[in-house]
$ cat final37.txt   # compact mmCIF, C-alpha atoms
# COMPACT_ATOMS: atom_id res chain seq x y z
CA GLN A 28 10.25 67.48 67.21
CA VAL A 29 8.87 70.94 67.84
CA GLN A 30 11.41 73.70 68.33
CA LEU A 31 10.82 77.33 69.16
CA GLN A 32 13.61 79.85 68.74
CA LEU A 33 13.27 83.47 69.69
CA TRP A 34 15.32 86.54 68.97
CA GLY A 35 15.25 90.27 69.55
CA ALA A 36 17.00 93.14 71.25
CA GLY A 37 18.33 92.39 74.70
CA LEU A 38 19.00 95.90 76.04
CA LEU A 39 16.50 98.73 75.94
CA LYS A 40 16.17 102.17 77.44
CA PRO A 41 13.06 103.25 79.32
CA SER A 42 10.17 104.29 77.03
CA GLU A 43 11.50 102.22 74.12
CA THR A 44 9.64 99.34 72.48
CA LEU A 45 10.51 95.73 73.19
CA SER A 46 10.34 93.61 70.06
CA LEU A 47 10.75 89.82 70.00
CA THR A 48 10.09 87.22 67.33
CA CYS A 49 9.66 83.48 67.76
CA GLY A 50 10.28 81.01 64.96
CA VAL A 51 8.45 77.69 65.07
CA TYR A 52 10.02 74.60 63.53
CA GLY A 53 8.72 71.07 63.17
CA GLU A 54 5.06 71.79 63.86
CA SER A 55 2.05 72.85 61.94
CA PHE A 56 1.54 76.49 62.70
CA SER A 57 -2.14 76.35 61.99
CA THR A 58 -3.34 73.98 64.66
CA TYR A 59 -2.48 75.66 67.93
CA TYR A 60 -2.25 78.90 69.84
CA TRP A 61 1.21 80.42 70.35
CA SER A 62 1.98 82.28 73.57
CA TRP A 63 4.33 84.83 75.10
CA ILE A 64 5.38 84.45 78.73
CA ARG A 65 7.92 86.30 80.85
CA GLN A 66 9.68 85.55 84.12
CA THR A 67 11.08 87.85 86.77
CA PRO A 68 12.40 87.07 90.25
CA GLU A 69 9.77 89.43 91.69
CA LYS A 70 6.62 88.29 89.89
CA GLY A 71 7.58 84.83 88.66
CA LEU A 72 5.98 83.60 85.45
CA GLU A 73 3.52 85.94 83.76
CA TRP A 74 1.47 85.10 80.68
CA PHE A 75 1.15 87.89 78.12
CA GLY A 76 -1.12 86.55 75.49
CA GLU A 77 -1.56 84.10 72.65
CA ILE A 78 -2.31 84.11 68.94
CA ASN A 79 -3.35 81.52 66.39
CA SER A 80 -2.85 81.34 62.66
CA SER A 81 -6.19 83.00 62.03
CA GLY A 82 -5.03 86.02 63.98
CA ASN A 83 -7.30 85.38 66.94
CA ILE A 84 -5.65 86.83 70.04
CA ASN A 85 -6.22 86.47 73.76
CA PHE A 86 -4.49 88.91 76.10
CA ASN A 87 -3.65 89.15 79.75
CA PRO A 88 -5.92 92.09 80.69
CA SER A 89 -3.27 93.64 82.92
CA LEU A 90 -0.82 94.01 80.01
CA LYS A 91 -3.16 94.44 77.07
CA SER A 92 -2.80 98.21 76.77
CA ARG A 93 0.94 98.02 76.00
CA VAL A 94 1.11 94.78 74.00
CA THR A 95 0.82 93.85 70.35
CA ILE A 96 1.03 90.24 69.19
CA SER A 97 1.20 89.42 65.50
CA ILE A 98 1.80 86.40 63.31
CA ASP A 99 3.42 85.66 59.95
CA THR A 100 2.20 82.28 58.83
CA SER A 101 4.35 82.33 55.68
CA LYS A 102 7.45 82.30 57.88
CA ASN A 103 6.06 80.26 60.79
CA GLN A 104 6.85 83.17 63.09
CA TYR A 105 5.00 85.25 65.61
CA SER A 106 6.02 88.42 67.36
CA LEU A 107 5.60 90.43 70.53
CA LYS A 108 5.82 94.18 70.93
CA LEU A 109 5.71 95.78 74.35
CA TYR A 110 5.53 99.58 74.29
CA SER A 111 6.88 102.17 76.71
CA VAL A 112 9.03 99.75 78.67
CA THR A 113 10.29 100.47 82.17
CA ALA A 114 12.76 98.76 84.44
CA ALA A 115 9.87 96.60 85.68
CA ASP A 116 9.77 94.97 82.23
CA THR A 117 13.26 93.56 82.70
CA ALA A 118 12.72 89.82 82.48
CA VAL A 119 13.44 86.60 80.67
CA TYR A 120 10.93 86.35 77.86
CA TYR A 121 9.74 83.03 76.50
CA CYS A 122 7.65 81.97 73.57
CA ALA A 123 5.67 78.79 74.06
CA LYS A 124 3.19 76.56 72.29
CA SER A 125 -0.23 76.40 73.89
CA SER A 126 -1.35 72.80 73.74
CA GLY A 127 -4.93 71.69 73.39
CA TRP A 128 -4.95 71.02 77.13
CA PHE A 129 -4.60 74.65 78.28
CA ALA A 130 -0.94 74.01 79.03
CA PHE A 131 2.35 74.99 77.44
CA ASP A 132 4.05 71.92 76.04
CA TYR A 133 6.97 73.43 74.15
CA TRP A 134 9.01 76.48 75.10
CA GLY A 135 11.65 78.57 73.42
CA GLN A 136 15.04 78.97 75.04
CA GLY A 137 14.24 82.27 76.74
CA SER A 138 15.69 85.69 76.06
CA LEU A 139 16.84 88.12 78.74
CA VAL A 140 15.64 91.64 78.08
CA THR A 141 17.10 94.35 80.27
CA VAL A 142 15.62 97.85 80.51
CA SER A 143 18.13 100.35 81.81
CA SER A 144 19.01 103.96 81.21
CA GLN B 5 -5.49 88.21 88.54
CA SER B 6 -3.32 87.18 91.51
CA ALA B 7 -0.76 84.44 91.21
CA LEU B 8 -1.64 81.02 92.58
CA THR B 9 -0.08 80.37 95.98
CA GLN B 10 2.66 77.78 96.37
CA PRO B 11 5.06 77.12 99.26
CA ALA B 12 8.42 78.78 98.71
CA SER B 13 10.34 75.58 99.26
CA VAL B 14 9.87 71.90 100.01
CA SER B 15 12.61 69.51 101.05
CA GLY B 16 12.93 65.77 101.17
CA SER B 17 15.47 62.98 101.33
CA PRO B 18 16.18 60.65 98.43
CA GLY B 19 13.51 58.00 98.14
CA GLN B 20 10.91 59.98 100.04
CA SER B 21 7.71 61.46 98.64
CA ILE B 22 6.98 65.16 98.73
CA THR B 23 3.86 67.14 97.83
CA ILE B 24 3.68 70.70 96.53
CA SER B 25 0.40 72.57 96.90
CA CYS B 26 -1.05 75.18 94.57
CA THR B 27 -3.94 77.20 95.97
CA GLY B 28 -6.24 79.37 93.91
CA THR B 29 -9.91 80.23 93.81
CA ASN B 30 -13.06 78.89 92.26
CA SER B 31 -12.35 81.16 89.29
CA ASP B 32 -9.24 79.21 88.39
CA VAL B 33 -8.05 76.01 90.11
CA GLY B 34 -11.41 75.19 91.62
CA GLY B 35 -13.43 76.00 88.56
CA TYR B 36 -11.59 74.09 85.84
CA ASN B 37 -9.65 70.87 85.42
CA PHE B 38 -6.95 72.72 83.51
CA VAL B 39 -4.17 72.73 86.06
CA SER B 40 -0.67 72.09 84.76
CA TRP B 41 2.73 71.75 86.42
CA TYR B 42 6.18 72.71 85.17
CA GLN B 43 9.70 71.79 86.22
CA GLN B 44 12.43 74.38 85.73
CA TYR B 45 16.17 74.06 86.16
CA PRO B 46 18.30 77.20 86.62
CA GLY B 47 18.83 79.02 83.35
CA LYS B 48 16.48 76.72 81.47
CA ALA B 49 12.95 77.01 80.16
CA PRO B 50 10.13 75.38 82.11
CA LYS B 51 9.16 71.84 81.10
CA LEU B 52 5.59 70.57 81.21
CA ILE B 53 5.25 67.56 83.54
CA ILE B 54 1.51 67.46 84.33
CA TYR B 55 -1.51 68.76 82.42
CA GLU B 56 -5.26 68.62 83.03
CA VAL B 57 -4.63 68.10 86.77
CA SER B 58 -3.22 64.59 86.58
CA SER B 59 -2.14 63.65 83.05
CA ARG B 60 1.52 63.17 82.17
CA PRO B 61 3.01 64.02 78.76
CA SER B 62 4.84 61.24 77.02
CA GLY B 63 8.32 60.72 78.46
CA VAL B 64 7.63 62.20 81.89
CA SER B 65 8.43 59.90 84.79
CA ASN B 66 5.48 58.27 86.56
CA ARG B 67 7.08 59.43 89.82
CA PHE B 68 5.27 62.70 89.12
CA SER B 69 1.57 62.73 89.84
CA GLY B 70 -1.07 65.42 90.18
CA SER B 71 -4.39 65.82 91.93
CA LYS B 72 -6.91 68.45 92.93
CA SER B 73 -9.33 69.04 95.76
CA GLY B 74 -11.49 72.13 95.74
CA ASN B 75 -9.36 75.20 95.10
CA THR B 76 -6.05 73.42 95.77
CA ALA B 77 -4.05 71.36 93.30
CA SER B 78 -1.12 69.21 94.33
CA LEU B 79 1.98 67.77 92.71
CA THR B 80 3.50 64.69 94.33
CA ILE B 81 7.01 63.51 93.57
CA SER B 82 7.54 59.96 94.76
CA GLY B 83 10.88 58.21 95.10
CA LEU B 84 12.64 61.59 95.27
CA GLN B 85 15.90 61.72 93.33
CA ALA B 86 18.74 64.22 93.18
CA GLU B 87 17.71 65.18 89.64
CA ASP B 88 14.33 66.35 90.96
CA GLU B 89 16.00 69.33 92.62
CA ALA B 90 14.51 72.21 90.63
CA ASP B 91 11.81 74.85 90.75
CA TYR B 92 8.21 73.80 90.17
CA TYR B 93 5.35 75.99 89.00
CA CYS B 94 1.66 75.34 88.70
CA SER B 95 -0.61 77.03 86.22
CA SER B 96 -4.35 77.16 85.74
CA TYR B 97 -6.87 78.32 83.22
CA THR B 98 -8.79 81.22 84.69
CA THR B 99 -11.87 83.15 83.76
CA SER B 100 -10.02 86.47 83.75
CA SER B 101 -6.55 86.09 82.23
CA PRO B 102 -7.01 83.25 80.86
CA PHE B 103 -3.80 81.78 82.27
CA VAL B 104 -2.26 82.31 85.68
CA PHE B 105 0.89 80.80 87.17
CA GLY B 106 1.81 79.89 90.70
CA THR B 107 4.45 81.62 92.77
CA GLY B 108 6.88 78.72 92.38
CA THR B 109 8.37 76.15 94.75
CA GLU B 110 12.02 75.27 95.14
CA VAL B 111 12.49 71.56 95.76
CA ASN B 112 15.58 70.62 97.73
CA VAL B 113 16.84 67.07 97.90
CA LEU B 114 18.67 66.66 101.19

$ encode --input "final37.txt" --output "structure tokens"
Amino acid sequence: QVQLQLWGAGLLKPSETLSLTCGVYGESFSTYYWSWIRQTPEKGLEWFGEINSSGNINFNPSLKSRVTISIDTSKNQYSLKLYSVTAADTAVYYCAKSSGWFAFDYWGQGSLVTVSS
Amino acid sequence: QSALTQPASVSGSPGQSITISCTGTNSDVGGYNFVSWYQQYPGKAPKLIIYEVSSRPSGVSNRFSGSKSGNTASLTISGLQAEDEADYYCSSYTTSSPFVFGTGTEVNVL
């Protein structure tokens, strides 16, 4: 059974860097793309980007300038960095496995990140 | 890339069938058969219930079905049950993003 578990800081000040890591258990890391998604009451679900074990990355063009996605295949982990955060980046952040069907078939538990001065 | 358009809420009585629409453009819903649907309970992560317009992952009830016509995809829940009360989101592959989600629909079981 595939499990995704994410962790990272939950409270940030404006202009700081959001940093989250997602650990993948029970699945071959090399076969799929691994995504970051966030959810806010205002904008709903928003896809950030995805990475595979070869380091190939696809980004949401609207967020690309502030986002870094990286992968550590030795630890079955991948990470998200979002720079210069503002209150608008307050959201629940999810990691998710991108299936071969252009859908997200496994999700992490979600992590609330709050940006406040 | 604008979010796909869904109705804010849909209601139905137990046993009835309801349909949730998801309207996009020919750059997303209309251009690809990569529409998926997710069910989300409060405080929980979304769960995939339909992929590739009409396919169901293993373990998902056959009361959930999907279809597409032009730029609009639809999710039908038949034999509505109390446990179906949740939020539902569509998603599509798109030429620009490459993924876009819908605005979300709250399903109420009366």

$ closest_residue --input "final37.txt" --among "A:Leu33, A:Ala130, A:Cys49, A:Ile78" --to "Ser95 of chain B" --atoms "all atoms listed in the file"
A:Ala130

$ interface_residues --input "final37.txt" --of "chain B" --to "chain A" --cutoff "7 Å" --atoms "all atoms listed in the file" --output "number ranges by chain"
B: 38, 40, 48-49, 52, 55-56, 97, 101-105, 107

$ atom_distance --input "final37.txt" --atom1 "atom CA of Gln85 of chain B" --atom2 "atom CA of Pro46 of chain B"
17.0 Å

$ residues_around --input "final37.txt" --residues "Ile22 of chain B" --least-positions-apart "3" --cutoff "10 Å" --atoms "only C-alpha atoms" --output "MDAnalysis selection string"
chainID B and resid 14:17 19 79:84 111

$ write_last_selection --input "final37.txt" --atoms "C-alpha atoms" --output "PDB file, in the coordinates of the input"
ATOM      1  CA  VAL B  14       9.870  71.900 100.010  1.00  0.00           C
ATOM      2  CA  SER B  15      12.610  69.510 101.050  1.00  0.00           C
ATOM      3  CA  GLY B  16      12.930  65.770 101.170  1.00  0.00           C
ATOM      4  CA  SER B  17      15.470  62.980 101.330  1.00  0.00           C
ATOM      5  CA  GLY B  19      13.510  58.000  98.140  1.00  0.00           C
ATOM      6  CA  LEU B  79       1.980  67.770  92.710  1.00  0.00           C
ATOM      7  CA  THR B  80       3.500  64.690  94.330  1.00  0.00           C
ATOM      8  CA  ILE B  81       7.010  63.510  93.570  1.00  0.00           C
ATOM      9  CA  SER B  82       7.540  59.960  94.760  1.00  0.00           C
ATOM     10  CA  GLY B  83      10.880  58.210  95.100  1.00  0.00           C
ATOM     11  CA  LEU B  84      12.640  61.590  95.270  1.00  0.00           C
ATOM     12  CA  VAL B 111      12.490  71.560  95.760  1.00  0.00           C
TER      13      VAL B 111
END

$ atom_distance --input "final37.txt" --atom1 "atom CA of Ser6 of chain B" --atom2 "atom CA of Leu139 of chain A"
23.9 Å

$ atom_distance --input "final37.txt" --atom1 "atom CA of Gly34 of chain B" --atom2 "atom CA of Thr76 of chain B"
7.0 Å

$ residues_around --input "final37.txt" --residues "segment 79-83 of chain A" --least-positions-apart "6" --cutoff "10 Å" --atoms "all atoms listed in the file" --output "list of chain:residue names"
A:Ser55, A:Phe56, A:Ser57, A:Thr58, A:Tyr59, A:Tyr60, A:Trp61, A:Ser62, A:Ile96, A:Ser97, A:Ile98, A:Asp99, A:Thr100, A:Asn103, A:Gln104, A:Tyr105, A:Ser125

$ residues_around --input "final37.txt" --residues "Thr113 of chain A" --least-positions-apart "2" --cutoff "10 Å" --atoms "only C-alpha atoms" --output "number ranges by chain"
A: 39-44, 110-111, 115-117, 141-144

$ residues_near_point --input "final37.txt" --point "(3.4, 76.9, 89.6)" --cutoff "7 Å" --atoms "only C-alpha atoms" --output "JSON, numbers by chain"
{"B": [10, 26, 41, 42, 92, 93, 94, 95, 105, 106, 107, 108]}

$ closest_residue --input "final37.txt" --among "B:Val113, B:Ser58, B:Gly70, B:Leu8" --to "Asn30 of chain B" --atoms "all atoms listed in the file"
B:Leu8

$ closest_residue --input "final37.txt" --among "A:Val140, A:Leu45, A:Leu90, A:Ala36" --to "Val112 of chain A" --atoms "all atoms listed in the file"
A:Leu45

$ residues_around --input "final37.txt" --residues "Ala77 of chain B" --least-positions-apart "4" --cutoff "7 Å" --atoms "all atoms listed in the file" --output "PyMOL selection string"
chain B and resi 25-27+33+71-73

$ axis_aligned_box --input "final37.txt" --around "segment 32-37 of chain A" --padding-each-side "5 Å" --output "JSON"
{"center_x": 15.8, "center_y": 86.5, "center_z": 71.7, "size_x": 15.1, "size_y": 23.3, "size_z": 16.0}
